[in-house]
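S.K.: This one is structure.txt, compact mmCIF, C-alpha atoms.
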# COMPACT_ATOMS: atom_id res chain seq x y z
CA MET A 580 32.41 8.75 -34.80
CA THR A 581 30.49 6.84 -37.45
CA ALA A 582 26.83 6.43 -36.46
CA ILE A 583 25.58 2.87 -36.21
CA SER A 584 21.94 2.28 -37.08
CA LEU A 585 20.23 -0.29 -34.88
CA GLY A 586 17.02 -0.33 -36.92
CA MET A 587 13.49 0.71 -35.99
CA PRO A 588 11.12 -2.20 -36.78
CA ASP A 589 7.40 -1.74 -37.26
CA VAL A 590 5.29 -3.05 -34.39
CA PRO A 591 1.56 -3.15 -33.63
CA THR A 592 0.20 -0.14 -31.73
CA LYS A 593 -2.81 -1.84 -30.14
CA LEU A 594 -4.01 -5.32 -29.32
CA ALA A 595 -7.71 -5.00 -30.15
CA ASP A 596 -10.42 -2.54 -31.09
CA ARG A 597 -12.35 -1.13 -28.16
CA ARG A 598 -15.73 -2.65 -27.43
CA VAL A 599 -18.47 -0.29 -28.58
CA SER A 600 -20.29 0.93 -25.49
CA ARG A 601 -22.74 3.65 -24.60
CA LYS A 602 -21.05 6.94 -23.64
CA ILE A 603 -21.85 8.71 -20.39
CA HIS A 604 -20.24 11.69 -18.67
CA VAL A 605 -18.94 11.54 -15.12
CA GLY A 606 -18.66 15.25 -14.55
CA SER A 607 -16.10 16.50 -17.05
CA VAL A 608 -14.80 13.00 -17.84
CA PRO A 609 -16.39 11.11 -20.76
CA VAL A 610 -16.71 7.39 -20.14
CA GLY A 611 -17.41 4.73 -22.75
CA GLY A 612 -17.89 5.15 -26.47
CA ASP A 613 -14.71 6.51 -28.01
CA ALA A 614 -13.47 8.06 -24.76
CA PRO A 615 -10.06 6.95 -23.41
CA VAL A 616 -9.98 4.49 -20.53
CA SER A 617 -9.84 6.53 -17.32
CA VAL A 618 -8.22 5.80 -13.95
CA GLN A 619 -10.14 6.01 -10.69
CA SER A 620 -9.25 5.65 -7.05
CA MET A 621 -10.97 6.07 -3.70
CA THR A 622 -10.17 8.19 -0.68
CA THR A 623 -9.30 6.48 2.60
CA THR A 624 -10.26 9.43 4.81
CA ARG A 625 -13.53 9.87 6.63
CA THR A 626 -15.56 11.86 4.14
CA SER A 627 -16.95 13.95 6.99
CA ASP A 628 -13.39 15.27 7.51
CA ILE A 629 -13.63 17.69 4.61
CA GLY A 630 -10.11 19.07 4.91
CA ALA A 631 -8.41 15.68 4.98
CA THR A 632 -10.58 14.36 2.16
CA LEU A 633 -9.89 17.34 -0.10
CA GLN A 634 -6.18 17.06 0.68
CA GLN A 635 -6.15 13.43 -0.38
CA ILE A 636 -8.14 14.24 -3.50
CA ALA A 637 -5.53 16.88 -4.35
CA GLU A 638 -2.77 14.30 -3.94
CA LEU A 639 -4.66 11.84 -6.15
CA THR A 640 -5.20 14.52 -8.78
CA ALA A 641 -1.48 15.29 -8.80
CA SER A 642 -0.72 11.58 -9.28
CA GLY A 643 -2.89 11.43 -12.41
CA CYS A 644 -6.22 10.21 -11.00
CA GLN A 645 -9.14 11.29 -13.19
CA ILE A 646 -12.17 10.31 -11.08
CA VAL A 647 -12.35 9.84 -7.31
CA ARG A 648 -14.84 7.96 -5.17
CA VAL A 649 -15.67 8.88 -1.57
CA ALA A 650 -17.47 6.71 0.97
CA CYS A 651 -20.78 7.89 2.36
CA PRO A 652 -21.90 5.56 5.17
CA THR A 653 -23.23 8.23 7.59
CA GLN A 654 -25.25 11.44 7.65
CA ASP A 655 -22.12 13.42 8.52
CA ASP A 656 -20.49 12.09 5.35
CA ALA A 657 -23.55 13.03 3.31
CA ASP A 658 -23.48 16.52 4.79
CA ALA A 659 -19.88 16.94 3.62
CA LEU A 660 -20.57 16.02 0.00
CA PRO A 661 -21.66 19.46 -1.30
CA VAL A 662 -18.39 21.11 -0.28
CA ILE A 663 -16.23 18.21 -1.48
CA ALA A 664 -18.02 17.96 -4.83
CA LYS A 665 -17.65 21.69 -5.37
CA LYS A 666 -14.00 22.03 -4.36
CA SER A 667 -12.57 18.81 -5.80
CA GLN A 668 -10.42 19.30 -8.91
CA ILE A 669 -11.71 16.03 -10.40
CA PRO A 670 -15.21 14.49 -10.56
CA VAL A 671 -16.42 12.97 -7.29
CA ILE A 672 -18.47 9.77 -7.11
CA ALA A 673 -20.38 9.12 -3.90
CA ASP A 674 -20.17 5.49 -2.77
CA ILE A 675 -23.49 4.48 -1.20
CA HIS A 676 -24.20 1.35 0.83
CA PHE A 677 -27.14 0.40 3.03
CA GLN A 678 -29.19 3.61 2.98
CA PRO A 679 -31.06 4.76 -0.16
CA LYS A 680 -31.52 8.23 1.36
CA TYR A 681 -27.83 8.95 0.82
CA VAL A 682 -28.27 8.37 -2.91
CA PHE A 683 -30.63 11.34 -3.02
CA ALA A 684 -28.28 13.36 -0.79
CA ALA A 685 -25.38 12.71 -3.16
CA ILE A 686 -27.43 13.74 -6.19
CA ASP A 687 -28.56 16.92 -4.42
CA ALA A 688 -24.95 17.61 -3.39
CA GLY A 689 -23.86 17.81 -7.03
CA CYS A 690 -21.72 14.68 -7.10
CA ALA A 691 -20.60 13.72 -10.61
CA ALA A 692 -22.02 10.19 -10.18
CA VAL A 693 -23.35 7.84 -7.54
CA ARG A 694 -22.24 4.24 -7.00
CA VAL A 695 -24.86 1.94 -5.54
CA ASN A 696 -24.36 -1.62 -4.35
CA PRO A 697 -27.71 -3.36 -5.01
CA GLY A 698 -26.74 -6.35 -2.90
CA ASN A 699 -26.84 -4.45 0.37
CA ILE A 700 -28.95 -1.31 0.01
CA LYS A 701 -32.16 -1.82 1.94
CA LYS A 702 -35.33 -1.39 -0.12
CA PHE A 703 -33.23 -0.38 -3.14
CA ASP A 704 -35.50 -2.05 -5.69
CA ASP A 705 -38.51 -0.31 -4.17
CA GLN A 706 -36.96 3.13 -4.75
CA VAL A 707 -35.47 2.74 -8.21
CA LYS A 708 -38.23 4.86 -9.77
CA GLU A 709 -37.53 7.78 -7.43
CA ILE A 710 -33.74 7.41 -7.80
CA ALA A 711 -34.04 7.26 -11.60
CA LYS A 712 -36.10 10.45 -11.65
CA ALA A 713 -33.78 12.35 -9.31
CA ALA A 714 -30.66 11.22 -11.18
CA GLY A 715 -32.24 11.89 -14.56
CA ASP A 716 -33.36 15.39 -13.57
CA ALA A 717 -29.87 16.21 -12.27
CA GLY A 718 -28.00 14.50 -15.12
CA THR A 719 -26.19 12.27 -12.62
CA PRO A 720 -25.00 8.85 -13.83
CA ILE A 721 -25.43 5.78 -11.64
CA ARG A 722 -22.84 3.04 -11.29
CA ILE A 723 -24.35 -0.30 -10.44
CA GLY A 724 -21.51 -1.88 -8.49
CA VAL A 725 -21.96 -5.59 -7.85
CA ASN A 726 -19.44 -7.19 -5.50
CA ALA A 727 -18.88 -10.88 -4.80
CA GLY A 728 -18.85 -10.16 -1.07
CA SER A 729 -22.26 -8.50 -1.06
CA LEU A 730 -24.26 -10.40 -3.66
CA ASP A 731 -28.02 -10.36 -3.35
CA ALA A 732 -29.22 -13.22 -1.15
CA ARG A 733 -31.62 -14.43 -3.85
CA LEU A 734 -28.78 -14.96 -6.29
CA LEU A 735 -26.55 -16.59 -3.70
CA ALA A 736 -29.34 -19.09 -3.09
CA LYS A 737 -29.77 -19.67 -6.82
CA TYR A 738 -26.10 -20.13 -7.75
CA GLY A 739 -24.62 -21.26 -4.43
CA LYS A 740 -21.77 -18.70 -4.61
CA ALA A 741 -20.64 -15.60 -6.47
CA THR A 742 -20.18 -17.13 -9.90
CA PRO A 743 -19.67 -14.98 -13.02
CA GLU A 744 -23.27 -15.77 -13.99
CA ALA A 745 -24.55 -14.63 -10.59
CA LEU A 746 -22.64 -11.33 -10.75
CA VAL A 747 -23.85 -10.60 -14.27
CA GLU A 748 -27.46 -11.51 -13.52
CA SER A 749 -27.44 -9.19 -10.51
CA ALA A 750 -26.05 -6.27 -12.50
CA LEU A 751 -28.36 -6.66 -15.48
CA TRP A 752 -31.40 -7.15 -13.25
CA GLU A 753 -30.77 -3.85 -11.48
CA ALA A 754 -30.02 -2.11 -14.78
CA SER A 755 -33.33 -3.38 -16.13
CA LEU A 756 -35.17 -1.76 -13.22
CA PHE A 757 -33.71 1.61 -14.22
CA GLU A 758 -34.45 0.94 -17.88
CA GLU A 759 -38.13 0.47 -17.01
CA HIS A 760 -38.15 4.14 -16.03
CA GLY A 761 -36.24 5.33 -19.08
CA PHE A 762 -32.92 5.77 -17.27
CA ARG A 763 -29.86 4.41 -19.06
CA ASP A 764 -27.12 6.74 -17.86
CA ILE A 765 -25.49 3.75 -16.21
CA LYS A 766 -22.03 2.28 -15.71
CA ILE A 767 -21.62 -1.26 -14.38
CA SER A 768 -18.99 -3.17 -12.42
CA VAL A 769 -18.97 -6.85 -11.41
CA LYS A 770 -16.00 -7.19 -9.08
CA HIS A 771 -14.51 -10.33 -7.58
CA ASN A 772 -11.26 -11.02 -5.73
CA ASP A 773 -10.44 -13.92 -8.06
CA PRO A 774 -9.11 -12.56 -11.39
CA VAL A 775 -10.37 -15.62 -13.32
CA VAL A 776 -13.93 -15.25 -12.03
CA MET A 777 -13.76 -11.48 -12.56
CA VAL A 778 -12.53 -11.78 -16.16
CA ASN A 779 -15.25 -14.29 -17.03
CA ALA A 780 -17.92 -12.07 -15.46
CA TYR A 781 -16.87 -9.03 -17.46
CA ARG A 782 -16.67 -11.02 -20.69
CA GLN A 783 -20.24 -12.20 -20.18
CA LEU A 784 -21.41 -8.72 -19.23
CA ALA A 785 -19.72 -7.17 -22.25
CA ALA A 786 -21.46 -9.66 -24.54
CA GLN A 787 -24.90 -9.03 -23.00
CA SER A 788 -25.01 -5.23 -22.72
CA ASP A 789 -23.70 -2.00 -24.22
CA TYR A 790 -23.17 -0.21 -20.92
CA PRO A 791 -19.72 1.21 -20.14
CA LEU A 792 -17.84 -1.05 -17.73
CA HIS A 793 -15.75 -0.16 -14.70
CA LEU A 794 -13.07 -2.79 -14.12
CA GLY A 795 -11.86 -3.85 -10.71
CA VAL A 796 -10.45 -6.81 -8.81
CA THR A 797 -11.94 -6.19 -5.41
CA GLU A 798 -9.88 -6.78 -2.26
CA ALA A 799 -6.88 -7.51 -4.47
CA GLY A 800 -4.52 -7.46 -1.48
CA PRO A 801 -1.22 -5.82 -0.52
CA ALA A 802 0.67 -3.77 -3.10
CA PHE A 803 2.65 -6.56 -4.76
CA GLN A 804 -0.10 -9.17 -4.88
CA GLY A 805 -2.78 -6.64 -5.78
CA THR A 806 -0.67 -5.19 -8.59
CA ILE A 807 -0.17 -8.64 -10.11
CA LYS A 808 -3.84 -9.58 -9.83
CA SER A 809 -4.99 -6.29 -11.31
CA ALA A 810 -2.45 -6.28 -14.11
CA VAL A 811 -3.37 -9.84 -15.11
CA ALA A 812 -7.14 -9.24 -15.01
CA PHE A 813 -7.11 -5.78 -16.59
CA GLY A 814 -4.59 -6.89 -19.20
CA ALA A 815 -6.79 -9.81 -20.24
CA LEU A 816 -9.89 -7.65 -20.59
CA LEU A 817 -8.38 -4.47 -21.99
CA SER A 818 -6.47 -6.48 -24.57
CA GLU A 819 -9.89 -7.64 -25.80
CA GLY A 820 -11.24 -4.09 -25.88
CA ILE A 821 -13.31 -4.54 -22.71
CA GLY A 822 -13.25 -1.81 -20.05
CA ASP A 823 -13.90 1.92 -19.87
CA THR A 824 -12.67 2.89 -16.41
CA ILE A 825 -10.38 1.05 -14.00
CA ARG A 826 -9.62 1.08 -10.31
CA VAL A 827 -6.68 -0.86 -8.91
CA SER A 828 -7.68 -1.87 -5.38
CA LEU A 829 -4.61 -2.12 -3.17
CA SER A 830 -3.96 -2.28 0.56
CA ALA A 831 -1.71 0.72 -0.01
CA PRO A 832 -1.99 4.52 -0.26
CA PRO A 833 -4.48 5.53 -2.99
CA ALA A 834 -1.80 7.29 -5.04
CA GLU A 835 -0.11 3.90 -5.47
CA GLU A 836 -3.33 2.57 -7.01
CA VAL A 837 -3.26 5.38 -9.54
CA LYS A 838 0.40 4.78 -10.35
CA VAL A 839 -0.27 1.12 -11.10
CA GLY A 840 -3.40 1.88 -13.09
CA LEU A 841 -1.66 4.44 -15.28
CA GLN A 842 1.23 2.09 -15.92
CA ILE A 843 -1.15 -0.69 -16.97
CA LEU A 844 -2.80 1.61 -19.49
CA GLU A 845 0.51 2.91 -20.80
CA SER A 846 1.81 -0.64 -21.16
CA LEU A 847 -1.19 -1.52 -23.36
CA ASN A 848 -0.90 1.67 -25.45
CA LEU A 849 -4.23 2.85 -24.04
CA LYS A 850 -2.75 6.02 -22.56
CA PRO A 851 -0.10 8.37 -23.95
CA ARG A 852 3.20 7.50 -22.38
CA ARG A 853 5.35 9.84 -20.37
CA LEU A 854 8.81 8.99 -19.13
CA GLU A 855 9.46 5.25 -19.33
CA ILE A 856 12.60 3.49 -18.17
CA VAL A 857 13.35 0.23 -20.00
CA SER A 858 15.99 -1.75 -18.12
CA CYS A 859 17.25 -5.30 -18.39
CA PRO A 860 16.93 -7.78 -15.50
CA SER A 861 20.73 -8.28 -15.50
CA CYS A 862 22.53 -11.58 -15.91
CA GLY A 863 25.99 -13.09 -15.71
CA ARG A 864 27.06 -11.09 -18.78
CA ALA A 865 26.43 -7.76 -17.08
CA GLN A 866 29.61 -5.92 -16.22
CA VAL A 867 27.87 -3.01 -14.51
CA ASP A 868 25.39 -2.73 -11.65
CA VAL A 869 22.23 -2.48 -13.77
CA TYR A 870 19.94 -2.05 -10.76
CA LYS A 871 21.91 0.91 -9.42
CA LEU A 872 22.29 2.41 -12.87
CA ALA A 873 18.54 2.21 -13.58
CA ASP A 874 17.69 3.71 -10.18
CA GLN A 875 20.09 6.60 -10.69
CA VAL A 876 18.75 7.37 -14.16
CA THR A 877 15.16 7.16 -12.87
CA ALA A 878 15.94 9.55 -10.02
CA GLY A 879 17.75 11.95 -12.34
CA LEU A 880 14.80 12.16 -14.73
CA GLU A 881 12.03 12.23 -12.13
CA GLY A 882 9.28 14.65 -13.02
CA MET A 883 9.91 14.61 -16.76
CA GLU A 884 6.54 14.79 -18.52
CA VAL A 885 7.46 14.37 -22.19
CA PRO A 886 6.93 10.92 -23.79
CA LEU A 887 10.50 9.72 -23.51
CA ARG A 888 11.62 6.08 -23.44
CA VAL A 889 15.07 5.56 -21.92
CA ALA A 890 16.75 2.15 -22.09
CA VAL A 891 19.34 1.03 -19.54
CA MET A 892 21.03 -2.20 -20.64
CA GLY A 893 23.74 -4.12 -18.86
CA CYS A 894 25.68 -5.57 -21.76
CA VAL A 895 26.48 -5.08 -25.43
CA VAL A 896 25.21 -8.54 -26.50
CA ASN A 897 21.44 -8.03 -26.59
CA GLY A 898 21.17 -4.55 -25.12
CA PRO A 899 21.31 -2.41 -28.28
CA GLY A 900 18.98 -4.65 -30.24
CA GLU A 901 16.42 -5.06 -27.48
CA ALA A 902 16.29 -1.33 -26.81
CA ARG A 903 16.38 -0.12 -30.39
CA GLU A 904 12.88 1.35 -30.12
CA ALA A 905 13.99 3.60 -27.25
CA ASP A 906 14.44 7.33 -27.73
CA LEU A 907 17.64 7.20 -25.71
CA GLY A 908 19.67 4.45 -24.09
CA VAL A 909 22.91 2.88 -23.02
CA ALA A 910 24.43 -0.56 -23.52
CA SER A 911 27.14 -1.04 -20.90
CA GLY A 912 30.19 -3.25 -20.61
CA ASN A 913 33.97 -3.30 -20.09
CA GLY A 914 33.87 -0.15 -17.99
CA LYS A 915 32.13 1.98 -20.61
CA GLY A 916 28.74 2.59 -22.15
CA GLN A 917 27.52 3.06 -25.70
CA ILE A 918 25.01 5.90 -25.74
CA PHE A 919 22.41 5.70 -28.48
CA VAL A 920 19.66 8.06 -29.62
CA LYS A 921 16.78 6.94 -31.85
CA GLY A 922 18.54 3.68 -32.73
CA GLN A 923 21.94 5.22 -33.49
CA VAL A 924 25.05 5.03 -31.30
CA ILE A 925 26.25 8.61 -30.88
CA LYS A 926 29.13 8.23 -28.41
CA THR A 927 30.95 5.93 -25.99
CA VAL A 928 31.61 7.18 -22.46
CA PRO A 929 33.33 5.81 -19.33
CA GLU A 930 31.09 4.00 -16.88
CA SER A 931 31.41 6.88 -14.41
CA LYS A 932 29.88 9.24 -16.98
CA ILE A 933 26.93 7.08 -18.09
CA VAL A 934 24.26 8.56 -15.80
CA GLU A 935 25.43 12.13 -16.32
CA THR A 936 25.49 11.68 -20.11
CA LEU A 937 22.09 10.01 -20.28
CA ILE A 938 20.50 12.81 -18.27
CA GLU A 939 22.16 15.46 -20.45
CA GLU A 940 20.97 13.79 -23.66
CA ALA A 941 17.49 13.27 -22.19
CA MET A 942 17.23 16.97 -21.40
CA LYS A 943 18.25 17.85 -24.95
CA ILE A 944 15.62 15.53 -26.42
CA ALA A 945 12.96 16.79 -23.99
CA GLU A 946 13.75 20.40 -24.84
CA GLN A 947 13.41 19.67 -28.55
CA MET A 948 10.15 17.76 -27.96
CA GLU A 949 8.73 20.73 -26.07
CA LYS A 950 9.77 23.10 -28.87
CA ASP A 951 8.08 20.80 -31.36
CA GLY A 952 4.95 20.65 -29.21
CA VAL A 953 5.25 16.92 -28.51
CA THR A 954 3.53 16.38 -25.16
CA SER A 955 2.26 12.84 -25.61
CA GLY A 956 2.87 9.80 -27.70
CA GLU A 957 2.18 6.14 -28.13
CA PRO A 958 4.81 3.71 -26.90
CA VAL A 959 5.81 0.85 -29.09
CA VAL A 960 5.78 -2.80 -28.14
CA THR A 961 9.25 -4.11 -27.38
CA ALA A 962 9.81 -7.84 -27.80
CA ALA A 963 12.95 -8.89 -25.96
CA GLY A 964 14.54 -12.26 -26.57
Would you write the structure of this file as structure tokens?

M.R.:
Amino acid sequence: MTAISLGMPDVPTKLADRRVSRKIHVGSVPVGGDAPVSVQSMTTTRTSDIGATLQQIAELTASGCQIVRVACPTQDDADALPVIAKKSQIPVIADIHFQPKYVFAAIDAGCAAVRVNPGNIKKFDDQVKEIAKAAGDAGTPIRIGVNAGSLDARLLAKYGKATPEALVESALWEASLFEEHGFRDIKISVKHNDPVVMVNAYRQLAAQSDYPLHLGVTEAGPAFQGTIKSAVAFGALLSEGIGDTIRVSLSAPPAEEVKVGLQILESLNLKPRRLEIVSCPSCGRAQVDVYKLADQVTAGLEGMEVPLRVAVMGCVVNGPGEAREADLGVASGNGKGQIFVKGQVIKTVPESKIVETLIEEAMKIAEQMEKDGVTSGEPVVTAAG
């Protein structure tokens, strides 16, 4: 069969240069500066239940999570931190609310970082000097985490509600208290449940400081709604180079948060891609069940780690052209499918053989990639008409 070239057009690899921020280290994970954007999540177990917490951390690690946060509202939770911090496969951040004494407990426990919420920790401002010394001596970064739902009462009175200006003023005020004591190993977040308010807050914060920023839409909602909110907000900021770590907050299992976060980064070329299925939404031209075909191909290639883009298209009108940047793909119609590799049609097979053939060709490409030492790669931007 004569090979047909579909063309491989040049496309941009990134949307913007990263904002230049101060670099800190959360355990083994560098944050800020030239470090890649990292994905965080948070356990839903009682931290005092060490076994359950470590099990969930293991599941998060397997899903690709790079940093994990655990809640520490009680003394029992604080008592569990040394074992969890030691046995976790990824850096552990202790999440502290209400009681400053747990900040010191987390530092003593060897946590990779401590998150404090200045809006609701009693006597926090009075103990910044002691916290700064303890954290500085231990080399423990502090995340100043401002939330719209727990904004300092003074700022609520000043602004009337949690405006972007109020969130930023709160964060920078607390950071300045640490700076007075020579402590700048700080990461900041200014979360809000409204993506527009959140984006504006982070833009202002990015313009007024050089601290690394942790992005989050707090209380984003159930999986579908929360995914949309987070993707919109993170996409707006990351496309401007703003953001050093992210956490997708969903009313769903933590591993789902990680899955969404990784996909957002991969979609913006901020993380090396792994397996990616590109499939068309189907239309009246489609002569095959695109949804079923895409699901079957996805299931057949589950677990593949090499950076492979596979396109599943329902017709031969736009399919080949729209998927020409794919490593492997099919354009289907009239009971058969054109299989193409790297922009060239290599064979035509009956519809019943499409899935089987795609999986076979994917395995061949993956095997060659592994031989060549290709374990990561940057996806390209596909513009479909």

S.K.: Quick one: of A:Ser607, A:Gln634, A:Thr877, A:Thr623, who's nearest to Ala831 (chain A), counting only C-alpha atoms?

M.R.: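 Going through A:Ser607, A:Gln634, A:Thr877, A:Thr623 one by one, the smallest distance to Ala831 (chain A) is for A:Thr623.
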
S.K.: Residues at most 7 Å from Ser828 (chain A), counting only C-alpha atoms, excluding those fewer than 4 positions away in the same chain, as a list in words?

M.R.: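 Residues near the query, excluding close chain neighbours: Val796, Thr797, Glu798, Ala799, Gly805 and Glu836 of chain A.
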
S.K.: Could you check which of A:Ile603, A:Cys644, A:Val747, A:Val608 is closest to Glu835 (chain A), using only C-alpha atoms?

M.R.: A:Cys644

S.K.: Find the residues around Leu735 (chain A) up to 12 Å (only C-alpha atoms counted), leave out those fewer than 2 positions away in its own chain, and share them as a list of chain:residue names.

M.R.: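 Here the qualifying residues turn out to be A:Gly698, A:Asn726, A:Ala727, A:Gly728, A:Ser729, A:Leu730, A:Asp731, A:Ala732, A:Arg733, A:Lys737, A:Tyr738, A:Gly739, A:Lys740, A:Ala741, A:Thr742, A:Pro743, A:Glu744, A:Ala745, A:Leu746, A:Glu748, A:Ser749.
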
S.K.: With C-alpha atoms retained, could you export that selection as a PDB file, in the frame of the given file?

M.R.:
ATOM      1  CA  GLY A 698     -26.740  -6.350  -2.900  1.00  0.00           C
ATOM      2  CA  ASN A 726     -19.440  -7.190  -5.500  1.00  0.00           C
ATOM      3  CA  ALA A 727     -18.880 -10.880  -4.800  1.00  0.00           C
ATOM      4  CA  GLY A 728     -18.850 -10.160  -1.070  1.00  0.00           C
ATOM      5  CA  SER A 729     -22.260  -8.500  -1.060  1.00  0.00           C
ATOM      6  CA  LEU A 730     -24.260 -10.400  -3.660  1.00  0.00           C
ATOM      7  CA  ASP A 731     -28.020 -10.360  -3.350  1.00  0.00           C
ATOM      8  CA  ALA A 732     -29.220 -13.220  -1.150  1.00  0.00           C
ATOM      9  CA  ARG A 733     -31.620 -14.430  -3.850  1.00  0.00           C
ATOM     10  CA  LYS A 737     -29.770 -19.670  -6.820  1.00  0.00           C
ATOM     11  CA  TYR A 738     -26.100 -20.130  -7.750  1.00  0.00           C
ATOM     12  CA  GLY A 739     -24.620 -21.260  -4.430  1.00  0.00           C
ATOM     13  CA  LYS A 740     -21.770 -18.700  -4.610  1.00  0.00           C
ATOM     14  CA  ALA A 741     -20.640 -15.600  -6.470  1.00  0.00           C
ATOM     15  CA  THR A 742     -20.180 -17.130  -9.900  1.00  0.00           C
ATOM     16  CA  PRO A 743     -19.670 -14.980 -13.020  1.00  0.00           C
ATOM     17  CA  GLU A 744     -23.270 -15.770 -13.990  1.00  0.00           C
ATOM     18  CA  ALA A 745     -24.550 -14.630 -10.590  1.00  0.00           C
ATOM     19  CA  LEU A 746     -22.640 -11.330 -10.750  1.00  0.00           C
ATOM     20  CA  GLU A 748     -27.460 -11.510 -13.520  1.00  0.00           C
ATOM     21  CA  SER A 749     -27.440  -9.190 -10.510  1.00  0.00           C
TER      22      SER A 749
END

S.K.: Using only C-alpha atoms, pick whichever of A:Gly718, A:Gly630, A:Gly822, A:Pro929 has the shortest atom-to-atom distance to Pro791 (chain A).

M.R.: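 So, comparing all the options, the nearest one is A:Gly822.
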
S.K.: Every residue with an atom at most 12 Å from (-16.8, -0.3, -13.8) (file coordinates; all atoms listed in the file) is what I'm after, so could you write them as a PyMOL selection string?

M.R.: chain A and resi 610-611+616-620+646+694-695+721-726+750+765-770+777+780-781+784-785+790-797+813+821-827

S.K.: I'd like to know which of A:Leu816, A:Val662, A:Ala641, A:Pro720 is closest to Asn779 (chain A), using only C-alpha atoms.

M.R.: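 Counting only C-alpha atoms, the residue closest to Asn779 (chain A) is A:Leu816.
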
S.K.: Excluding Pro661 (chain A) and any residue of its chain fewer than 6 positions from it, enumerate the residues within 10 Å of it, using only C-alpha atoms, and give them as a ChimeraX atom specification.

M.R.: /A:684-690

S.K.: Of the candidates A:Leu849, A:Met892, A:Val920, A:Ala910, which shows the shortest atom-to-atom distance to Pro615 (chain A), using all atoms listed in the file?

M.R.: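 The answer is A:Leu849, which sits nearest to Pro615 (chain A).
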
S.K.: So which one's closest to Tyr681 (chain A), A:Arg597, A:Lys701, A:Arg763, A:Arg888? Using only C-alpha atoms, please.

M.R.: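 Of all the options, A:Lys701 lies closest to Tyr681 (chain A).
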
S.K.: Residues near Ala673 (chain A), anyone? I mean within 6 Å using all atoms listed in the file, not counting same-chain ones fewer than 3 positions away, as a list in words.

M.R.: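 Contacts, in chain order: Arg648, Val649 and Val693 of chain A.
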
S.K.: Could you check how far CA of Cys859 (chain A) sits from CA of Gln917 (chain A), in Å to one decimal?

M.R.: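 Separation of CA of Cys859 (chain A) and CA of Gln917 (chain A): 15.1 Å.
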
S.K.: Kindly give the distance, in Å, that separates CA of Gly800 (chain A) and CA of Leu829 (chain A), rounded to a single decimal.

M.R.: 5.6 Å

S.K.: Pick out the residues sitting within 8 Å of Gln635 (chain A), and hand them over as a PyMOL selection string; count only C-alpha atoms, and ignore anything fewer than 4 positions along from it in its own chain.

M.R.: chain A and resi 622+624+631+639

S.K.: Around (-15.2, 3.5, -26.9), as given in the file, which residues come within 7 Å? Count only C-alpha atoms and list them as a list in words.

M.R.: Arg597, Arg598, Val599, Ser600, Gly611, Gly612, Asp613 and Ala614 of chain A

S.K.: I'd like the interatomic distance between CA of Ala692 (chain A) and CA of Thr719 (chain A), to a tenth of an Å.

M.R.: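 CA of Thr719 (chain A) lies at a distance of 5.3 Å from CA of Ala692 (chain A).
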